[in-house]
Amino acid sequence: MRIGDIAQRAGVSTRSLRYYEEQGLLASERTSTGQRTYPESAVERVRLIQQFFTAGLASRTIQRVLPCVDSGEASAEAFALLEAERARITAAMADLAAARDALDRMIDIAHNPTAEHCPALREPAWAPLESLAG
DNA sequence: GTTCTTACA
DNA sequence: TGTAAGAA
């Protein structure tokens, strides 16, 4: 398949695919005219690369991890890297959950305004100035 | 019409 | 990463 096909099927730009290749994440063959050619499996590989980027892995890290995907086994260093990334993602998930919980509390307050949380409810807007001064 | 490389924002 | 230019 040509670069445009892969891009469309994997949902990324052709620019990204060329970038991945430059970073050593994605291989391709060339036709006699220089156009890149990819096997069907490239689509799935690109999606995996996307997931890793989304999960916060650096391209350099992805570059070290992908060989494991290809070989089906990990060297000692690669294994340590996988565990480290897993731990980082787990921690990131906890942070996200905490942020979500905070938003949940804010949403709840927004739905049930109380004088404690909403200053605007403490002072009647229609109160005469004298009553405020006095 | 697509893709390629190179380069700039 | 997006986009532009000029060539294939």
# chains A, B, ... in the order shown; residues from 1 in each chain; ligands from 1

$ select_by_dssp --residues "chain A" --states "strand (DSSP E)" --output "list in words"
Glu29, Arg30, Arg36 and Thr37 of chain A

$ interface_residues --of "chain A" --to "chain C" --cutoff "9 Å" --atoms "only C-alpha atoms (C1' of nucleotides)" --output "PyMOL selection string"
chain A and resi 13+15-16+33

$ write_last_selection --atoms "C-alpha atoms" --output "short mmCIF file (atom, residue, chain, number, x, y, z; two decimals), in the first residue's frame"
data_model
loop_
_atom_site.label_atom_id
_atom_site.label_comp_id
_atom_site.auth_asym_id
_atom_site.auth_seq_id
_atom_site.Cartn_x
_atom_site.Cartn_y
_atom_site.Cartn_z
CA SER A 13 -1.09 12.34 8.25
CA ARG A 15 3.72 13.75 7.26
CA SER A 16 3.59 11.69 10.45
CA THR A 33 10.19 5.57 -8.68
#

$ select_by_dssp --residues "chain A" --states "alpha helix (DSSP H)" --output "VMD selection string"
chain A and resid 3 to 10 14 to 22 42 to 54 59 to 71 76 to 111 129 to 133

$ write_last_selection --atoms "C-alpha atoms" --output "PDB file, in the first residue's frame"
ATOM      1  CA  ILE A   3       1.637   6.133   2.138  1.00  0.00           C
ATOM      2  CA  GLY A   4      -1.718   7.758   1.501  1.00  0.00           C
ATOM      3  CA  ASP A   5      -3.553   4.473   2.048  1.00  0.00           C
ATOM      4  CA  ILE A   6      -1.812   3.789   5.338  1.00  0.00           C
ATOM      5  CA  ALA A   7      -2.391   7.341   6.488  1.00  0.00           C
ATOM      6  CA  GLN A   8      -6.098   7.162   5.782  1.00  0.00           C
ATOM      7  CA  ARG A   9      -6.577   3.738   7.344  1.00  0.00           C
ATOM      8  CA  ALA A  10      -4.539   4.508  10.451  1.00  0.00           C
ATOM      9  CA  THR A  14       1.396  11.268   5.606  1.00  0.00           C
ATOM     10  CA  ARG A  15       3.717  13.748   7.264  1.00  0.00           C
ATOM     11  CA  SER A  16       3.589  11.694  10.453  1.00  0.00           C
ATOM     12  CA  LEU A  17       4.328   8.476   8.624  1.00  0.00           C
ATOM     13  CA  ARG A  18       7.452   9.962   7.053  1.00  0.00           C
ATOM     14  CA  TYR A  19       8.414  11.290  10.479  1.00  0.00           C
ATOM     15  CA  TYR A  20       7.969   7.854  12.075  1.00  0.00           C
ATOM     16  CA  GLU A  21      10.213   6.385   9.430  1.00  0.00           C
ATOM     17  CA  GLU A  22      12.798   9.073  10.071  1.00  0.00           C
ATOM     18  CA  ALA A  42       1.776  -1.290   8.804  1.00  0.00           C
ATOM     19  CA  VAL A  43      -1.703  -0.008   9.621  1.00  0.00           C
ATOM     20  CA  GLU A  44      -1.798  -1.842  12.937  1.00  0.00           C
ATOM     21  CA  ARG A  45       1.755  -0.825  13.702  1.00  0.00           C
ATOM     22  CA  VAL A  46       0.979   2.840  13.153  1.00  0.00           C
ATOM     23  CA  ARG A  47      -2.031   2.593  15.437  1.00  0.00           C
ATOM     24  CA  LEU A  48       0.182   1.085  18.128  1.00  0.00           C
ATOM     25  CA  ILE A  49       2.695   3.894  17.688  1.00  0.00           C
ATOM     26  CA  GLN A  50      -0.148   6.388  18.040  1.00  0.00           C
ATOM     27  CA  GLN A  51      -1.319   4.758  21.255  1.00  0.00           C
ATOM     28  CA  PHE A  52       2.177   4.959  22.681  1.00  0.00           C
ATOM     29  CA  PHE A  53       2.489   8.631  21.788  1.00  0.00           C
ATOM     30  CA  THR A  54      -0.925   9.290  23.306  1.00  0.00           C
ATOM     31  CA  SER A  59       9.641   8.594  20.339  1.00  0.00           C
ATOM     32  CA  ARG A  60      13.015   7.470  21.650  1.00  0.00           C
ATOM     33  CA  THR A  61      11.309   5.155  24.114  1.00  0.00           C
ATOM     34  CA  ILE A  62       8.948   3.811  21.496  1.00  0.00           C
ATOM     35  CA  GLN A  63      11.948   3.156  19.313  1.00  0.00           C
ATOM     36  CA  ARG A  64      13.412   0.932  22.028  1.00  0.00           C
ATOM     37  CA  VAL A  65      10.156  -0.859  22.718  1.00  0.00           C
ATOM     38  CA  LEU A  66       8.964  -1.664  19.210  1.00  0.00           C
ATOM     39  CA  PRO A  67      11.661  -4.275  18.569  1.00  0.00           C
ATOM     40  CA  CYS A  68      10.027  -6.286  21.366  1.00  0.00           C
ATOM     41  CA  VAL A  69       6.756  -6.137  19.515  1.00  0.00           C
ATOM     42  CA  ASP A  70       8.489  -7.458  16.422  1.00  0.00           C
ATOM     43  CA  SER A  71      10.512 -10.188  18.113  1.00  0.00           C
ATOM     44  CA  ALA A  76      16.604  -7.220  30.229  1.00  0.00           C
ATOM     45  CA  GLU A  77      16.908  -3.488  29.535  1.00  0.00           C
ATOM     46  CA  ALA A  78      13.824  -3.465  27.344  1.00  0.00           C
ATOM     47  CA  PHE A  79      11.870  -5.297  30.010  1.00  0.00           C
ATOM     48  CA  ALA A  80      12.887  -2.729  32.625  1.00  0.00           C
ATOM     49  CA  LEU A  81      11.806  -0.003  30.251  1.00  0.00           C
ATOM     50  CA  LEU A  82       8.417  -1.610  29.742  1.00  0.00           C
ATOM     51  CA  GLU A  83       7.862  -1.879  33.486  1.00  0.00           C
ATOM     52  CA  ALA A  84       8.967   1.704  34.035  1.00  0.00           C
ATOM     53  CA  GLU A  85       6.567   3.005  31.388  1.00  0.00           C
ATOM     54  CA  ARG A  86       3.785   0.923  32.838  1.00  0.00           C
ATOM     55  CA  ALA A  87       4.426   2.382  36.269  1.00  0.00           C
ATOM     56  CA  ARG A  88       4.516   5.912  34.851  1.00  0.00           C
ATOM     57  CA  ILE A  89       1.212   5.382  33.089  1.00  0.00           C
ATOM     58  CA  THR A  90      -0.341   3.947  36.241  1.00  0.00           C
ATOM     59  CA  ALA A  91       0.737   7.033  38.172  1.00  0.00           C
ATOM     60  CA  ALA A  92      -0.562   9.285  35.412  1.00  0.00           C
ATOM     61  CA  MET A  93      -3.917   7.511  35.580  1.00  0.00           C
ATOM     62  CA  ALA A  94      -4.103   8.223  39.299  1.00  0.00           C
ATOM     63  CA  ASP A  95      -3.423  11.901  38.631  1.00  0.00           C
ATOM     64  CA  LEU A  96      -6.100  11.982  35.979  1.00  0.00           C
ATOM     65  CA  ALA A  97      -8.568  10.298  38.299  1.00  0.00           C
ATOM     66  CA  ALA A  98      -7.815  12.868  41.000  1.00  0.00           C
ATOM     67  CA  ALA A  99      -8.375  15.719  38.560  1.00  0.00           C
ATOM     68  CA  ARG A 100     -11.616  14.118  37.444  1.00  0.00           C
ATOM     69  CA  ASP A 101     -12.777  13.776  41.053  1.00  0.00           C
ATOM     70  CA  ALA A 102     -12.043  17.448  41.664  1.00  0.00           C
ATOM     71  CA  LEU A 103     -14.110  18.335  38.611  1.00  0.00           C
ATOM     72  CA  ASP A 104     -16.891  16.057  39.875  1.00  0.00           C
ATOM     73  CA  ARG A 105     -16.995  18.012  43.143  1.00  0.00           C
ATOM     74  CA  MET A 106     -17.087  21.312  41.271  1.00  0.00           C
ATOM     75  CA  ILE A 107     -19.866  20.065  39.031  1.00  0.00           C
ATOM     76  CA  ASP A 108     -21.836  18.904  42.039  1.00  0.00           C
ATOM     77  CA  ILE A 109     -21.473  22.315  43.672  1.00  0.00           C
ATOM     78  CA  ALA A 110     -22.521  24.001  40.457  1.00  0.00           C
ATOM     79  CA  HIS A 111     -25.673  21.901  40.456  1.00  0.00           C
ATOM     80  CA  LEU A 129     -26.982  50.315  50.153  1.00  0.00           C
ATOM     81  CA  GLU A 130     -27.911  51.595  53.639  1.00  0.00           C
ATOM     82  CA  SER A 131     -28.226  48.082  54.955  1.00  0.00           C
ATOM     83  CA  LEU A 132     -24.730  47.255  53.704  1.00  0.00           C
ATOM     84  CA  ALA A 133     -23.237  50.423  55.161  1.00  0.00           C
TER      85      ALA A 133
END

$ interface_residues --of "chain B" --to "chain A" --cutoff "8 Å" --atoms "only C-alpha atoms (C1' of nucleotides)" --output "list in words"
DT2, DT3 and DC4 of chain B

$ write_last_selection --atoms "N, CA, C and O atoms (P, O5', C5', C4', C3', O3' and C1' of nucleotides)" --output "PDB file, in the first residue's frame"
ATOM      1  P    DT B   2      -5.812  11.811  -4.980  1.00  0.00           P
ATOM      2  O5'  DT B   2      -4.449  11.026  -4.682  1.00  0.00           O
ATOM      3  C5'  DT B   2      -3.396  11.188  -5.600  1.00  0.00           C
ATOM      4  C4'  DT B   2      -2.240  10.303  -5.216  1.00  0.00           C
ATOM      5  C3'  DT B   2      -1.696  10.550  -3.809  1.00  0.00           C
ATOM      6  O3'  DT B   2      -1.160   9.339  -3.277  1.00  0.00           O
ATOM      7  C1'  DT B   2      -0.132  11.295  -5.454  1.00  0.00           C
ATOM      8  P    DT B   3      -0.469   9.299  -1.838  1.00  0.00           P
ATOM      9  O5'  DT B   3       1.054   9.604  -2.192  1.00  0.00           O
ATOM     10  C5'  DT B   3       1.706   8.790  -3.139  1.00  0.00           C
ATOM     11  C4'  DT B   3       3.158   9.197  -3.281  1.00  0.00           C
ATOM     12  C3'  DT B   3       3.845   9.577  -1.958  1.00  0.00           C
ATOM     13  O3'  DT B   3       5.085   8.879  -1.862  1.00  0.00           O
ATOM     14  C1'  DT B   3       4.175  11.281  -3.588  1.00  0.00           C
ATOM     15  P    DC B   4       6.100   9.176  -0.677  1.00  0.00           P
ATOM     16  O5'  DC B   4       7.155  10.133  -1.383  1.00  0.00           O
ATOM     17  C5'  DC B   4       7.758   9.725  -2.610  1.00  0.00           C
ATOM     18  C4'  DC B   4       9.016  10.549  -2.833  1.00  0.00           C
ATOM     19  C3'  DC B   4       9.603  10.991  -1.496  1.00  0.00           C
ATOM     20  O3'  DC B   4      10.982  10.777  -1.343  1.00  0.00           O
ATOM     21  C1'  DC B   4       9.048  12.903  -2.862  1.00  0.00           C
TER      22       DC B   4
END

$ atom_distance --atom1 "CA of Ala55 in chain A" --atom2 "CA of Tyr38 in chain A"
25.0 Å

$ atom_distance --atom1 "CA of Glu73 in chain A" --atom2 "CA of Gln23 in chain A"
21.6 Å

$ atom_distance --atom1 "CA of Leu25 in chain A" --atom2 "C1' of DA9 in chain B"
25.5 Å

$ decode --residues "chain B" --atoms "N, CA, C and O atoms (P, O5', C5', C4', C3', O3' and C1' of nucleotides)" --output "PDB file, in the first residue's frame"
ATOM      1  P    DG B   1      -7.376  16.381  -9.553  1.00  0.00           P
ATOM      2  O5'  DG B   1      -6.513  15.052  -9.355  1.00  0.00           O
ATOM      3  C5'  DG B   1      -7.209  13.793  -9.303  1.00  0.00           C
ATOM      4  C4'  DG B   1      -6.301  12.749  -8.749  1.00  0.00           C
ATOM      5  C3'  DG B   1      -5.861  13.028  -7.305  1.00  0.00           C
ATOM      6  O3'  DG B   1      -5.834  11.802  -6.600  1.00  0.00           O
ATOM      7  C1'  DG B   1      -3.955  12.893  -8.708  1.00  0.00           C
ATOM      8  P    DT B   2      -5.812  11.811  -4.980  1.00  0.00           P
ATOM      9  O5'  DT B   2      -4.449  11.026  -4.682  1.00  0.00           O
ATOM     10  C5'  DT B   2      -3.396  11.188  -5.600  1.00  0.00           C
ATOM     11  C4'  DT B   2      -2.240  10.303  -5.216  1.00  0.00           C
ATOM     12  C3'  DT B   2      -1.696  10.550  -3.809  1.00  0.00           C
ATOM     13  O3'  DT B   2      -1.160   9.339  -3.277  1.00  0.00           O
ATOM     14  C1'  DT B   2      -0.132  11.295  -5.454  1.00  0.00           C
ATOM     15  P    DT B   3      -0.469   9.299  -1.838  1.00  0.00           P
ATOM     16  O5'  DT B   3       1.054   9.604  -2.192  1.00  0.00           O
ATOM     17  C5'  DT B   3       1.706   8.790  -3.139  1.00  0.00           C
ATOM     18  C4'  DT B   3       3.158   9.197  -3.281  1.00  0.00           C
ATOM     19  C3'  DT B   3       3.845   9.577  -1.958  1.00  0.00           C
ATOM     20  O3'  DT B   3       5.085   8.879  -1.862  1.00  0.00           O
ATOM     21  C1'  DT B   3       4.175  11.281  -3.588  1.00  0.00           C
ATOM     22  P    DC B   4       6.100   9.176  -0.677  1.00  0.00           P
ATOM     23  O5'  DC B   4       7.155  10.133  -1.383  1.00  0.00           O
ATOM     24  C5'  DC B   4       7.758   9.725  -2.610  1.00  0.00           C
ATOM     25  C4'  DC B   4       9.016  10.549  -2.833  1.00  0.00           C
ATOM     26  C3'  DC B   4       9.603  10.991  -1.496  1.00  0.00           C
ATOM     27  O3'  DC B   4      10.982  10.777  -1.343  1.00  0.00           O
ATOM     28  C1'  DC B   4       9.048  12.903  -2.862  1.00  0.00           C
ATOM     29  P    DT B   5      11.610  11.061   0.098  1.00  0.00           P
ATOM     30  O5'  DT B   5      12.295  12.486  -0.114  1.00  0.00           O
ATOM     31  C5'  DT B   5      13.086  12.705  -1.275  1.00  0.00           C
ATOM     32  C4'  DT B   5      13.599  14.136  -1.300  1.00  0.00           C
ATOM     33  C3'  DT B   5      14.176  14.607   0.041  1.00  0.00           C
ATOM     34  O3'  DT B   5      15.424  15.254  -0.196  1.00  0.00           O
ATOM     35  C1'  DT B   5      12.435  16.073  -0.640  1.00  0.00           C
ATOM     36  P    DT B   6      16.274  15.723   1.066  1.00  0.00           P
ATOM     37  O5'  DT B   6      15.861  17.256   1.162  1.00  0.00           O
ATOM     38  C5'  DT B   6      15.824  18.034  -0.039  1.00  0.00           C
ATOM     39  C4'  DT B   6      15.428  19.462   0.295  1.00  0.00           C
ATOM     40  C3'  DT B   6      15.948  19.950   1.657  1.00  0.00           C
ATOM     41  O3'  DT B   6      16.462  21.262   1.502  1.00  0.00           O
ATOM     42  C1'  DT B   6      13.585  20.195   1.562  1.00  0.00           C
ATOM     43  P    DA B   7      17.151  21.971   2.765  1.00  0.00           P
ATOM     44  O5'  DA B   7      16.025  23.016   3.170  1.00  0.00           O
ATOM     45  C5'  DA B   7      15.385  23.768   2.148  1.00  0.00           C
ATOM     46  C4'  DA B   7      14.316  24.641   2.764  1.00  0.00           C
ATOM     47  C3'  DA B   7      14.691  25.168   4.155  1.00  0.00           C
ATOM     48  O3'  DA B   7      14.273  26.527   4.260  1.00  0.00           O
ATOM     49  C1'  DA B   7      12.629  24.019   4.274  1.00  0.00           C
ATOM     50  P    DC B   8      14.811  27.451   5.449  1.00  0.00           P
ATOM     51  O5'  DC B   8      13.448  28.125   5.935  1.00  0.00           O
ATOM     52  C5'  DC B   8      12.521  28.596   4.963  1.00  0.00           C
ATOM     53  C4'  DC B   8      11.151  28.716   5.592  1.00  0.00           C
ATOM     54  C3'  DC B   8      11.174  29.343   6.982  1.00  0.00           C
ATOM     55  O3'  DC B   8      10.100  30.270   7.085  1.00  0.00           O
ATOM     56  C1'  DC B   8      10.050  27.293   7.073  1.00  0.00           C
ATOM     57  P    DA B   9       9.996  31.217   8.379  1.00  0.00           P
ATOM     58  O5'  DA B   9       8.605  30.757   9.005  1.00  0.00           O
ATOM     59  C5'  DA B   9       7.431  30.735   8.188  1.00  0.00           C
ATOM     60  C4'  DA B   9       6.265  30.244   9.018  1.00  0.00           C
ATOM     61  C3'  DA B   9       6.155  30.900  10.394  1.00  0.00           C
ATOM     62  O3'  DA B   9       4.789  30.975  10.769  1.00  0.00           O
ATOM     63  C1'  DA B   9       6.421  28.589  10.660  1.00  0.00           C
TER      64       DA B   9
END
